[in-house]
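What follows is one structure encoded as structure tokens, with my remarks underneath.
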There are 2 protein chains.
Amino acid sequence: MTHTRAVETSALRWLAPPAGPAVVLLDQTGLPAEEAYLTCRDVSSLEDAIRRLVVRGAPLLGVAGAYGVALAAYRGDDVAAAASRLSGARPTAVNLSWGCARALAAYQAAQDGAGPVSAPSMDSERSAARACLAEARAIAAEDAAASAAIAAHGLALVPERARILTHCNTGALVSAGEGTAFAIILAAHRAGQLARLWVGETRPLLQGARLTAYEAARAGIPHAVLADSAAASLMAAGEVDLVLTGADRIAADGSVANKVGTYGLAVLAKHHGVPFVVAAPVSTIDFAASGAGAITVEQRPGREVTSFAGKAVAPAGSGAYNPAFDVTEASLVTALVTEHGITQPVNTGTLQDLGTTRETGVGALSDVSVER
Amino acid sequence: MTHTRAVETSALRWLAPPAGPAVVLLDQTGLPAEEAYLTCRDVSSLEDAIRRLVVRGAPLLGVAGAYGVALAAYRGDDVAAAASRLSGARPTAVNLSWGCARALAAYQAAQDGAGPVSAPSMDSERSAARACLAEARAIAAEDAAASAAIAAHGLALVPERARILTHCNTGALVSAGEGTAFAIILAAHRAGQLARLWVGETRPLLQGARLTAYEAARAGIPHAVLADSAAASLMAAGEVDLVLTGADRIAADGSVANKVGTYGLAVLAKHHGVPFVVAAPVSTIDFAASGAGAITVEQRPGREVTSFAGKAVAPAGSGAYNPAFDVTEASLVTALVTEHGITQPVNTGTLQDLGTTRETGVGALSDVSVER
């Protein structure tokens with residue numbers, strides 16, 4: 001069941017021949033008003049869908065990239081070129097290029113395994129495509145398993161009757177499982193530990209209001225949406241026990257790139273003595289990025305800010321500053337939850353061990369020093 | 001000229017009989033797409049316009065309230081009841097009740113001056129109404145003068161080639177003059193001291209994107225609009241030299257109630273060592289409010305957050321937290337600029353003197369201690 005769910009999540013599924021090959025995406029840009037599906041039959045339409053945020057969220061982008069490479073292999077396209085194009089569609093989320101690279105490596109290994117031939121046979125092409133698809137499915141299954149492990153580990157950090165503030169969207173829509181931060185929130189809700197979820201609307205594209213509130217409503221979680229700028233006074237009023245977000249890329253020093261606004265919440269959390277916790281699979285960690293400076297922050301079109309639903313909300317001549325992400329330094333991160341356990345980037349100094357160790361020895365926020 | 005401008009600002013003007021009596025408002029809810037005017041011929045339509053933010057901004061609400069009381073007097077309504085109703089339309093902006101009270105007092109003084117009569121004569125009613133209107137015009141003229149003085153004082157705090165971040169809308173649309181914080185920004189632009197204006201969009205009603213960007217564009221100020229949540233990374237990147245906002249109510253201890261999001265900017269400014277300056281006329285100071293706890297923060301309808309231009313952006317069942325304002329403690333305010341000069345609430349401990357002294361002895365931000 002878990003395995004089936006993992007590869008057949010409603011946000012993304014593989015459509016096999018003869019109806020396919022295709023990657024079918026829930027179009028997240030129309031939610032919550034419309035639940036429409038987009039069938040991508042070639043790499044270029046998938047690349048466009050990734051750019052337009054039809055499919056989004058770090059873990060799911062890894063899955064989507066891998067399925068996109070499999071799509072190219074099934075179509076007989078240039079698989080390496082497809083992997084390269086898909087990897088570049090969103091520059092900040094490291095999972096995307098990681099998923100593409102894994103699927104490409106599986107494809108190439110299967111080709112190599114077929115032995116040296118002057119021209120690839122139809123059979124070797126077909127078996128390499130199958131290997132590529134199997135790798136995409138494995139990535140999805142691993143992501144679902146990571147999601148469950150993150151939920152189990154993270155639950156230990158949630159106080160009784162917690163009022164949790166989250167930002168952007170980190171649930172089943174961004175994962176082959178139940179997500180990252182939202183998986184912990186769901187676990188807390190099921191355990192009776194969640195009093196209220198505060199949902200930052202997440203401008204400019206409102207992933208909080210549109211998607212997280214949609215997932216919270218479906219799960220029966222008591223929640224309220226707020227303008228991102230209302231979080232500060234909410235914390236000052238003592239209404240937030242924990243700030244919990246996902247991540248799009250984590251540098252080796254623990255710097256966290258995530259949806260724009262996350263860094264401000266981290267500063268505000270520190271000012272108010274509220275723990276700031278990040279949940280992400282290890283695949284989100286970019287060990288090649290030494291720190292914040294090595295993370296490319298994607299700049300999105302200004303019209304996302306200056307217009308809304310096609311209607312201008314600023315004068316035609318106004319410029320815009322619209323970074324998709326910001327970077328939070330490790331010193332502001334109270335704890336990082338991965339599928340391997342809980343760690344404190346600022347204390348460990350490096351995240352290298354996370355790739356190999358299974359547990360990191362931190363069991364609850366009381367074990368984690370929070371500067372108040 | 002100044003006087004004419006003061007009472008005939010495009011945002012609000014008095015329409016005398018026989019075409020009136022009426023208060024004509026530029027409908028700010030439709031800007032920048034539509035420049036429509038609303039003619040309020042009775043107190044109830046003006047009260048509704050104030051609630052719906054057709055007219056808004058602390059200084060202009062004082063003017064609008066006073067004209068509303070004059071409207072009641074010209075119509076022969078119960079003037080005290082009108083003043084009371086108008087005062088309650090927006091609970092946080094102290095200027096509104098202050099303007100209503102001044103106009104009512106002028107009306108009552110004129111009635112009393114007409115001598116004790118068993119039933120007020122037509123003549124005494126007419127002259128009391130004229131006194132009430134004269135008081136409204138005086139409030140507008142004083143506001144225009146205060147605006148010019150604030151601009152002159154505040155300019156001393158603007159560094160060369162300044163990149164200023166502002167929030168909400170504080171220009172001619174909220175004032176009988178050029179505004180508060182925006183008047184300083186305009187002065188800096190004219191003096192060649194302004195490199196760039198960063199305009200926080202100001203969710204949920206986008207007064208920054210819709211109104212401040214509109215005023216900046218008309219004035220030829222280089223500017224860019226950003227999601228409120230992008231301010232943090234902008235400060236971290238060293239792109240902000242000064243945060244400059246207005247105020248809706250200032251308590252006697254220097255606590256500043258202003259548009260929601262202001263408090264978060266103040267915390268972020270402190271974290272990044274950026275000066276946080278508030279500009280407001282002395283009429284914004286509520287000496288009866290001892291501190292933050294004495295300021296009522298208006299809660300606005302949740303649909304302002306959960307829908308946009310009539311279109312739902314969150315599920316129907318989602319709750320919302322939508323305070324219109326937040327309160328910034330005096331310790332986060334680097335300097336307060338009024339028409340009387342520049343002061344540091346956290347150092348003076350009280351703002352009482354501001355009502356009487358003309359200069360407060362602080363000439364530039366270099367004289368103001370900024371914790372970095």
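Going through the structure tokens in order, the chains are called A, B, and so on, while each chain numbers its residues from 1 and the ligands are numbered from 1 in the order shown.
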Any chance you could tabulate, as CSV, the residues of chain B at most 7 Å from chain A with each one's nearest atom pair and distance in Å to one decimal, using only C-alpha atoms, in chain and rising number order?
```
residue,atom,partner,partner_atom,distance
B:Pro32,CA,A:Pro315,CA,6.4
B:Arg203,CA,A:Ala227,CA,6.1
B:Pro204,CA,A:Ala227,CA,6.2
B:Ala209,CA,A:Ala314,CA,4.9
B:Arg210,CA,A:Ala314,CA,4.9
B:Ala213,CA,A:Ala314,CA,6.3
B:Tyr214,CA,A:Pro315,CA,5.8
B:Ala217,CA,A:Ser318,CA,6.8
B:His223,CA,A:Gly319,CA,6.2
B:Ala224,CA,A:Gly319,CA,4.3
B:Val225,CA,A:Ala320,CA,4.5
B:Leu226,CA,A:Tyr321,CA,5.2
B:Ala227,CA,A:Arg203,CA,6.1
B:Asp228,CA,A:Ser229,CA,6.3
B:Ser229,CA,A:Gly261,CA,4.3
B:Ala230,CA,A:Gly261,CA,5.8
B:Ala232,CA,A:Gly264,CA,5.0
B:Ser233,CA,A:Asp326,CA,6.0
B:Val260,CA,A:Ala230,CA,5.9
B:Gly261,CA,A:Ser229,CA,4.3
B:Tyr263,CA,A:Ala232,CA,6.6
B:Gly264,CA,A:Ala232,CA,5.0
B:Val267,CA,A:Leu268,CA,6.9
B:Leu268,CA,A:Val267,CA,6.9
B:Val305,CA,A:Leu226,CA,6.6
B:Val313,CA,A:Arg210,CA,5.5
B:Ala314,CA,A:Arg210,CA,4.9
B:Pro315,CA,A:Tyr214,CA,5.8
B:Gly317,CA,A:Ala217,CA,6.8
B:Ser318,CA,A:Ala224,CA,6.0
B:Gly319,CA,A:Ala224,CA,4.3
B:Ala320,CA,A:Ala224,CA,4.4
B:Tyr321,CA,A:Leu226,CA,5.1
B:Asn322,CA,A:Leu226,CA,6.2
B:Asp326,CA,A:Ser233,CA,6.0
```
Generate the output file for the selected residues, N, CA, C and O atoms, as a short mmCIF file (atom, residue, chain, number, x, y, z; two decimals), in the first residue's frame.
```cif
data_model
loop_
_atom_site.label_atom_id
_atom_site.label_comp_id
_atom_site.auth_asym_id
_atom_site.auth_seq_id
_atom_site.Cartn_x
_atom_site.Cartn_y
_atom_site.Cartn_z
N PRO B 32 -4.76 51.27 -8.17
CA PRO B 32 -4.50 52.32 -9.16
C PRO B 32 -5.33 52.16 -10.45
O PRO B 32 -5.24 53.02 -11.31
N ARG B 203 0.23 43.44 2.60
CA ARG B 203 -0.95 42.57 2.63
C ARG B 203 -1.74 42.83 3.91
O ARG B 203 -1.17 43.26 4.90
N PRO B 204 -3.05 42.57 3.91
CA PRO B 204 -3.78 41.94 2.80
C PRO B 204 -4.33 42.91 1.75
O PRO B 204 -4.69 42.46 0.67
N ALA B 209 1.56 48.30 -2.71
CA ALA B 209 1.60 48.07 -4.17
C ALA B 209 0.62 48.99 -4.90
O ALA B 209 0.95 49.56 -5.93
N ARG B 210 -0.58 49.12 -4.36
CA ARG B 210 -1.61 49.87 -5.07
C ARG B 210 -1.43 51.38 -4.94
O ARG B 210 -1.61 52.11 -5.91
N ALA B 213 3.12 52.71 -4.54
CA ALA B 213 3.78 52.59 -5.85
C ALA B 213 3.16 53.59 -6.84
O ALA B 213 3.86 54.17 -7.67
N TYR B 214 1.88 53.81 -6.72
CA TYR B 214 1.16 54.78 -7.57
C TYR B 214 1.68 56.20 -7.30
O TYR B 214 2.00 56.95 -8.24
N ALA B 217 5.34 56.37 -8.54
CA ALA B 217 5.41 56.44 -10.00
C ALA B 217 5.08 57.86 -10.47
O ALA B 217 5.76 58.41 -11.34
N HIS B 223 11.58 52.96 -7.88
CA HIS B 223 11.02 52.13 -6.82
C HIS B 223 10.79 50.71 -7.30
O HIS B 223 10.72 50.46 -8.49
N ALA B 224 10.68 49.80 -6.35
CA ALA B 224 10.33 48.42 -6.65
C ALA B 224 9.43 47.90 -5.54
O ALA B 224 9.62 48.21 -4.37
N VAL B 225 8.43 47.13 -5.96
CA VAL B 225 7.47 46.54 -5.04
C VAL B 225 7.97 45.15 -4.65
O VAL B 225 8.55 44.45 -5.47
N LEU B 226 7.76 44.77 -3.39
CA LEU B 226 8.15 43.43 -2.95
C LEU B 226 7.11 42.85 -2.02
O LEU B 226 6.39 43.60 -1.35
N ALA B 227 7.04 41.53 -1.99
CA ALA B 227 6.22 40.86 -0.98
C ALA B 227 6.77 41.26 0.39
O ALA B 227 7.98 41.38 0.56
N ASP B 228 5.88 41.47 1.35
CA ASP B 228 6.33 41.89 2.68
C ASP B 228 7.39 40.94 3.24
O ASP B 228 8.31 41.35 3.93
N SER B 229 7.23 39.66 2.90
CA SER B 229 8.14 38.64 3.44
C SER B 229 9.51 38.66 2.78
O SER B 229 10.41 37.95 3.22
N ALA B 230 9.69 39.47 1.73
CA ALA B 230 11.00 39.56 1.08
C ALA B 230 11.88 40.62 1.72
O ALA B 230 13.06 40.76 1.38
N ALA B 232 13.12 40.78 4.69
CA ALA B 232 14.18 40.23 5.55
C ALA B 232 15.45 39.96 4.75
O ALA B 232 16.54 40.37 5.15
N SER B 233 15.32 39.28 3.61
CA SER B 233 16.52 38.96 2.85
C SER B 233 17.10 40.20 2.19
O SER B 233 18.30 40.28 1.94
N VAL B 260 -0.34 46.35 10.07
CA VAL B 260 0.25 45.06 10.39
C VAL B 260 1.47 44.80 9.50
O VAL B 260 1.44 45.06 8.30
N GLY B 261 2.53 44.32 10.10
CA GLY B 261 3.78 44.10 9.40
C GLY B 261 4.86 45.07 9.85
O GLY B 261 6.05 44.79 9.71
N TYR B 263 5.68 46.00 12.91
CA TYR B 263 6.43 45.47 14.05
C TYR B 263 7.50 44.47 13.58
O TYR B 263 8.65 44.49 14.05
N GLY B 264 7.12 43.60 12.64
CA GLY B 264 8.09 42.64 12.11
C GLY B 264 9.27 43.36 11.45
O GLY B 264 10.43 42.97 11.62
N VAL B 267 11.62 44.63 14.14
CA VAL B 267 12.47 43.57 14.69
C VAL B 267 13.59 43.23 13.70
O VAL B 267 14.76 43.10 14.07
N LEU B 268 13.23 43.11 12.43
CA LEU B 268 14.22 42.79 11.39
C LEU B 268 15.25 43.91 11.26
O LEU B 268 16.44 43.65 11.07
N VAL B 305 -8.15 38.20 3.78
CA VAL B 305 -7.00 37.30 3.60
C VAL B 305 -7.38 36.09 2.75
O VAL B 305 -6.59 35.64 1.92
N VAL B 313 -9.04 32.39 -2.26
CA VAL B 313 -7.66 31.89 -2.37
C VAL B 313 -7.36 30.88 -1.26
O VAL B 313 -6.26 30.37 -1.16
N ALA B 314 -8.35 30.59 -0.42
CA ALA B 314 -8.22 29.55 0.60
C ALA B 314 -9.54 28.78 0.62
O ALA B 314 -10.56 29.30 0.17
N PRO B 315 -9.52 27.56 1.14
CA PRO B 315 -10.77 26.79 1.18
C PRO B 315 -11.84 27.50 1.99
O PRO B 315 -11.54 28.27 2.91
N GLY B 317 -13.71 26.54 4.30
CA GLY B 317 -13.75 26.25 5.74
C GLY B 317 -12.58 26.81 6.53
O GLY B 317 -12.53 26.65 7.75
N SER B 318 -11.64 27.48 5.87
CA SER B 318 -10.45 27.95 6.58
C SER B 318 -10.73 29.22 7.38
O SER B 318 -11.35 30.15 6.88
N GLY B 319 -10.25 29.25 8.62
CA GLY B 319 -10.32 30.45 9.42
C GLY B 319 -9.24 31.44 9.00
O GLY B 319 -8.40 31.13 8.15
N ALA B 320 -9.27 32.63 9.58
CA ALA B 320 -8.25 33.63 9.26
C ALA B 320 -7.94 34.45 10.50
O ALA B 320 -8.80 34.63 11.38
N TYR B 321 -6.71 34.92 10.58
CA TYR B 321 -6.27 35.85 11.62
C TYR B 321 -5.89 37.11 10.88
O TYR B 321 -4.96 37.10 10.08
N ASN B 322 -6.64 38.19 11.08
CA ASN B 322 -6.44 39.38 10.26
C ASN B 322 -6.49 40.69 11.06
O ASN B 322 -7.40 41.49 10.93
N ASP B 326 -0.33 46.29 14.12
CA ASP B 326 0.44 45.68 15.19
C ASP B 326 1.11 46.80 15.97
O ASP B 326 1.04 47.97 15.57
#
```
Neighbours of segment 125-137 of chain B within 8 Å (only C-alpha atoms; same-chain residues fewer than 5 positions away dropped), as an NGL selection string?
:B and (7 or 63 or 66-67 or 69-70 or 73-74 or 76 or 99 or 102-104 or 106-111 or 120)
Output of the above residues as a short mmCIF file (atom, residue, chain, number, x, y, z; two decimals), in the first residue's frame, restricted to all heavy atoms:
```cif
data_model
loop_
_atom_site.label_atom_id
_atom_site.label_comp_id
_atom_site.auth_asym_id
_atom_site.auth_seq_id
_atom_site.Cartn_x
_atom_site.Cartn_y
_atom_site.Cartn_z
N VAL B 7 -7.14 72.08 1.88
CA VAL B 7 -8.54 71.70 2.03
C VAL B 7 -9.12 71.12 0.75
O VAL B 7 -10.21 70.60 0.74
CB VAL B 7 -9.40 72.90 2.51
CG1 VAL B 7 -9.01 73.27 3.93
CG2 VAL B 7 -9.26 74.10 1.59
N VAL B 63 -9.07 64.52 9.44
CA VAL B 63 -9.71 65.51 8.58
C VAL B 63 -11.11 65.03 8.17
O VAL B 63 -12.10 65.78 8.24
CB VAL B 63 -8.82 65.77 7.33
CG1 VAL B 63 -9.51 66.73 6.37
CG2 VAL B 63 -7.45 66.30 7.74
N ALA B 66 -13.65 65.27 11.00
CA ALA B 66 -14.06 66.64 11.25
C ALA B 66 -15.05 67.13 10.18
O ALA B 66 -16.08 67.74 10.49
CB ALA B 66 -12.84 67.55 11.31
N TYR B 67 -14.75 66.83 8.93
CA TYR B 67 -15.68 67.21 7.86
C TYR B 67 -17.02 66.47 7.99
O TYR B 67 -18.07 67.01 7.68
CB TYR B 67 -15.07 66.94 6.47
CG TYR B 67 -14.21 68.08 5.97
CD1 TYR B 67 -12.83 67.95 5.92
CD2 TYR B 67 -14.77 69.28 5.54
CE1 TYR B 67 -12.02 68.98 5.46
CE2 TYR B 67 -13.97 70.32 5.08
CZ TYR B 67 -12.60 70.17 5.04
OH TYR B 67 -11.82 71.20 4.58
N VAL B 69 -18.44 65.62 10.81
CA VAL B 69 -19.20 66.31 11.86
C VAL B 69 -19.80 67.60 11.28
O VAL B 69 -20.97 67.95 11.54
CB VAL B 69 -18.29 66.58 13.08
CG1 VAL B 69 -19.02 67.44 14.12
CG2 VAL B 69 -17.85 65.26 13.71
N ALA B 70 -19.02 68.31 10.44
CA ALA B 70 -19.53 69.52 9.79
C ALA B 70 -20.71 69.17 8.87
O ALA B 70 -21.71 69.92 8.79
CB ALA B 70 -18.42 70.20 8.99
N ALA B 73 -23.71 68.86 10.94
CA ALA B 73 -24.16 70.20 11.37
C ALA B 73 -24.90 70.91 10.24
O ALA B 73 -25.96 71.51 10.45
CB ALA B 73 -22.96 71.01 11.84
N TYR B 74 -24.36 70.82 9.03
CA TYR B 74 -25.01 71.48 7.88
C TYR B 74 -26.36 70.84 7.56
O TYR B 74 -27.28 71.50 7.09
CB TYR B 74 -24.09 71.44 6.64
CG TYR B 74 -23.23 72.69 6.55
CD1 TYR B 74 -22.13 72.86 7.38
CD2 TYR B 74 -23.55 73.71 5.66
CE1 TYR B 74 -21.36 74.00 7.32
CE2 TYR B 74 -22.78 74.87 5.57
CZ TYR B 74 -21.68 75.01 6.41
OH TYR B 74 -20.94 76.15 6.34
N GLY B 76 -28.31 69.56 9.81
CA GLY B 76 -29.22 69.67 10.95
C GLY B 76 -29.42 68.37 11.69
O GLY B 76 -30.39 68.18 12.41
N GLY B 99 -10.20 64.27 15.51
CA GLY B 99 -10.77 65.21 14.54
C GLY B 99 -12.26 65.44 14.79
O GLY B 99 -12.77 66.57 14.73
N ARG B 102 -12.67 67.60 17.96
CA ARG B 102 -12.35 69.02 17.73
C ARG B 102 -13.48 69.72 17.00
O ARG B 102 -13.87 70.85 17.36
CB ARG B 102 -11.05 69.15 16.92
CG ARG B 102 -9.82 69.28 17.80
CD ARG B 102 -8.57 69.58 17.01
NE ARG B 102 -8.60 70.89 16.33
CZ ARG B 102 -7.55 71.41 15.70
NH1 ARG B 102 -6.40 70.75 15.66
NH2 ARG B 102 -7.64 72.59 15.10
N ALA B 103 -14.02 69.07 15.98
CA ALA B 103 -15.11 69.70 15.22
C ALA B 103 -16.36 69.84 16.08
O ALA B 103 -17.06 70.86 16.04
CB ALA B 103 -15.41 68.86 13.97
N LEU B 104 -16.64 68.83 16.89
CA LEU B 104 -17.79 68.89 17.79
C LEU B 104 -17.63 70.01 18.82
O LEU B 104 -18.58 70.76 19.10
CB LEU B 104 -17.97 67.53 18.50
CG LEU B 104 -19.08 67.44 19.55
CD1 LEU B 104 -20.46 67.69 18.90
CD2 LEU B 104 -19.07 66.09 20.27
N ALA B 106 -15.91 72.74 18.49
CA ALA B 106 -16.08 74.03 17.82
C ALA B 106 -17.56 74.33 17.60
O ALA B 106 -18.03 75.47 17.78
CB ALA B 106 -15.33 74.02 16.47
N TYR B 107 -18.29 73.30 17.24
CA TYR B 107 -19.73 73.44 17.04
C TYR B 107 -20.42 73.85 18.34
O TYR B 107 -21.21 74.80 18.38
CB TYR B 107 -20.29 72.11 16.52
CG TYR B 107 -21.80 72.06 16.40
CD1 TYR B 107 -22.44 72.55 15.25
CD2 TYR B 107 -22.58 71.52 17.42
CE1 TYR B 107 -23.82 72.51 15.13
CE2 TYR B 107 -23.96 71.48 17.31
CZ TYR B 107 -24.58 71.97 16.17
OH TYR B 107 -25.95 71.93 16.05
N GLN B 108 -20.08 73.13 19.41
CA GLN B 108 -20.72 73.40 20.70
C GLN B 108 -20.34 74.77 21.26
O GLN B 108 -21.17 75.48 21.82
CB GLN B 108 -20.37 72.28 21.70
CG GLN B 108 -21.11 70.99 21.37
CD GLN B 108 -20.62 69.77 22.14
OE1 GLN B 108 -19.48 69.77 22.62
NE2 GLN B 108 -21.46 68.75 22.25
N ALA B 109 -19.08 75.15 21.05
CA ALA B 109 -18.64 76.47 21.53
C ALA B 109 -19.40 77.57 20.81
O ALA B 109 -19.80 78.57 21.42
CB ALA B 109 -17.13 76.62 21.31
N ALA B 110 -19.62 77.38 19.51
CA ALA B 110 -20.36 78.39 18.73
C ALA B 110 -21.81 78.47 19.21
O ALA B 110 -22.39 79.56 19.32
CB ALA B 110 -20.32 78.07 17.25
N GLN B 111 -22.39 77.32 19.52
CA GLN B 111 -23.76 77.30 20.05
C GLN B 111 -23.83 78.01 21.40
O GLN B 111 -24.70 78.84 21.64
CB GLN B 111 -24.24 75.85 20.22
CG GLN B 111 -24.88 75.28 18.99
CD GLN B 111 -25.63 73.99 19.33
OE1 GLN B 111 -25.19 73.24 20.20
NE2 GLN B 111 -26.75 73.78 18.67
N PRO B 120 -32.73 76.40 19.87
CA PRO B 120 -31.71 77.03 19.03
C PRO B 120 -32.36 77.71 17.82
O PRO B 120 -33.25 77.15 17.17
CB PRO B 120 -30.84 75.85 18.57
CG PRO B 120 -31.28 74.66 19.35
CD PRO B 120 -32.64 74.95 19.88
#
```
Which residue is closest to Ala89 of chain B? Choose from B:Leu53, B:Ala330, B:Val274, B:Val256 and count only C-alpha atoms.
B:Leu53
Using only C-alpha atoms, which protein or nucleic acid residues come within 12 Å of Leu86 of chain A? Drop anything in the same chain fewer than 4 positions from it, and give the result as a ChimeraX atom specification.
/A:42-51,61-72,79-82,90-91,93-101,103-104
Measuring between only C-alpha atoms, which one of B:Gly179, B:Ser147, B:Ser10, B:Thr338 shows the shortest distance to Leu38 of chain B?
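Nearest to Leu38 of chain B: B:Ser10.
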How would you write, as a list in words, the set of residues in segment 133-226 of chain A that DSSP gives as strand (DSSP E or B)?
Ala162, Arg163, Ile164, Leu165, Thr166, Leu194, Ala195, Arg196, Leu197, Trp198, Val199, Gly200, His223, Ala224, Val225 and Leu226 of chain A
Could those residues be written to a file, using N, CA, C and O atoms, as a PDB file, in the first residue's frame?
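Saved the output as out39.pdb:
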```pdb
ATOM      1  N   ALA A 162       0.226  22.097  20.988  1.00  0.00           N
ATOM      2  CA  ALA A 162       1.089  23.026  20.257  1.00  0.00           C
ATOM      3  C   ALA A 162       0.305  23.897  19.294  1.00  0.00           C
ATOM      4  O   ALA A 162      -0.663  23.468  18.671  1.00  0.00           O
ATOM      5  N   ARG A 163       0.745  25.143  19.228  1.00  0.00           N
ATOM      6  CA  ARG A 163       0.282  26.043  18.175  1.00  0.00           C
ATOM      7  C   ARG A 163       1.482  26.248  17.264  1.00  0.00           C
ATOM      8  O   ARG A 163       2.469  26.870  17.653  1.00  0.00           O
ATOM      9  N   ILE A 164       1.376  25.643  16.084  1.00  0.00           N
ATOM     10  CA  ILE A 164       2.502  25.627  15.145  1.00  0.00           C
ATOM     11  C   ILE A 164       2.248  26.621  14.019  1.00  0.00           C
ATOM     12  O   ILE A 164       1.156  26.658  13.448  1.00  0.00           O
ATOM     13  N   LEU A 165       3.259  27.416  13.705  1.00  0.00           N
ATOM     14  CA  LEU A 165       3.206  28.305  12.545  1.00  0.00           C
ATOM     15  C   LEU A 165       4.030  27.685  11.434  1.00  0.00           C
ATOM     16  O   LEU A 165       5.185  27.313  11.647  1.00  0.00           O
ATOM     17  N   THR A 166       3.427  27.553  10.241  1.00  0.00           N
ATOM     18  CA  THR A 166       4.192  27.039   9.112  1.00  0.00           C
ATOM     19  C   THR A 166       4.124  28.023   7.959  1.00  0.00           C
ATOM     20  O   THR A 166       3.349  28.979   7.971  1.00  0.00           O
ATOM     21  N   LEU A 194      -1.727  18.707  18.611  1.00  0.00           N
ATOM     22  CA  LEU A 194      -1.795  19.959  17.858  1.00  0.00           C
ATOM     23  C   LEU A 194      -3.053  20.744  18.230  1.00  0.00           C
ATOM     24  O   LEU A 194      -4.170  20.295  17.997  1.00  0.00           O
ATOM     25  N   ALA A 195      -2.860  21.914  18.831  1.00  0.00           N
ATOM     26  CA  ALA A 195      -4.016  22.749  19.176  1.00  0.00           C
ATOM     27  C   ALA A 195      -4.456  23.575  17.974  1.00  0.00           C
ATOM     28  O   ALA A 195      -5.645  23.781  17.739  1.00  0.00           O
ATOM     29  N   ARG A 196      -3.491  24.069  17.221  1.00  0.00           N
ATOM     30  CA  ARG A 196      -3.832  24.943  16.097  1.00  0.00           C
ATOM     31  C   ARG A 196      -2.661  25.042  15.141  1.00  0.00           C
ATOM     32  O   ARG A 196      -1.510  25.085  15.570  1.00  0.00           O
ATOM     33  N   LEU A 197      -3.002  25.111  13.855  1.00  0.00           N
ATOM     34  CA  LEU A 197      -1.986  25.373  12.839  1.00  0.00           C
ATOM     35  C   LEU A 197      -2.193  26.779  12.300  1.00  0.00           C
ATOM     36  O   LEU A 197      -3.284  27.130  11.837  1.00  0.00           O
ATOM     37  N   TRP A 198      -1.147  27.599  12.397  1.00  0.00           N
ATOM     38  CA  TRP A 198      -1.162  28.933  11.790  1.00  0.00           C
ATOM     39  C   TRP A 198      -0.535  28.813  10.411  1.00  0.00           C
ATOM     40  O   TRP A 198       0.607  28.363  10.287  1.00  0.00           O
ATOM     41  N   VAL A 199      -1.276  29.204   9.399  1.00  0.00           N
ATOM     42  CA  VAL A 199      -0.820  29.040   8.019  1.00  0.00           C
ATOM     43  C   VAL A 199      -0.453  30.408   7.432  1.00  0.00           C
ATOM     44  O   VAL A 199      -1.331  31.229   7.146  1.00  0.00           O
ATOM     45  N   GLY A 200       0.835  30.657   7.286  1.00  0.00           N
ATOM     46  CA  GLY A 200       1.269  31.882   6.598  1.00  0.00           C
ATOM     47  C   GLY A 200       0.865  31.779   5.135  1.00  0.00           C
ATOM     48  O   GLY A 200       1.122  30.762   4.491  1.00  0.00           O
ATOM     49  N   HIS A 223      -7.208  25.336  11.847  1.00  0.00           N
ATOM     50  CA  HIS A 223      -6.175  26.198  11.273  1.00  0.00           C
ATOM     51  C   HIS A 223      -6.724  27.569  10.942  1.00  0.00           C
ATOM     52  O   HIS A 223      -7.929  27.753  10.816  1.00  0.00           O
ATOM     53  N   ALA A 224      -5.833  28.531  10.814  1.00  0.00           N
ATOM     54  CA  ALA A 224      -6.198  29.875  10.374  1.00  0.00           C
ATOM     55  C   ALA A 224      -5.089  30.405   9.476  1.00  0.00           C
ATOM     56  O   ALA A 224      -3.909  30.175   9.728  1.00  0.00           O
ATOM     57  N   VAL A 225      -5.520  31.088   8.423  1.00  0.00           N
ATOM     58  CA  VAL A 225      -4.589  31.677   7.459  1.00  0.00           C
ATOM     59  C   VAL A 225      -4.284  33.105   7.896  1.00  0.00           C
ATOM     60  O   VAL A 225      -5.170  33.799   8.406  1.00  0.00           O
ATOM     61  N   LEU A 226      -3.052  33.546   7.708  1.00  0.00           N
ATOM     62  CA  LEU A 226      -2.704  34.924   8.037  1.00  0.00           C
ATOM     63  C   LEU A 226      -1.772  35.495   6.988  1.00  0.00           C
ATOM     64  O   LEU A 226      -1.042  34.760   6.327  1.00  0.00           O
TER      65      LEU A 226
END
```
Just asking: which residues within segment 91-280 of chain B are alpha helix (DSSP H) according to DSSP, as a VMD selection string?
chain B and resid 94 to 113 122 to 155 181 to 190 207 213 to 219 231 to 236 262 to 272
Figure out the distance between atom CA of Ser175 of chain A and atom CA of Ile285 of chain A, please, to one decimal in Å.
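Rounded to one decimal, the two atoms are 16.1 Å apart.
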Neighbouring residues of Ala188 of chain B were defined as those with any atom within 8 Å, considering only C-alpha atoms; residues of the same chain fewer than 4 positions away were excluded. Please report them as JSON, numbers by chain.
{"B": [155, 158, 184, 192, 193, 194]}
Selection: 7 Å around Arg41 of chain B, only C-alpha atoms, excl. self and same-chain fewer than 3 positions, as a list of chain:residue names:
B:Pro21, B:Ala22, B:Val23
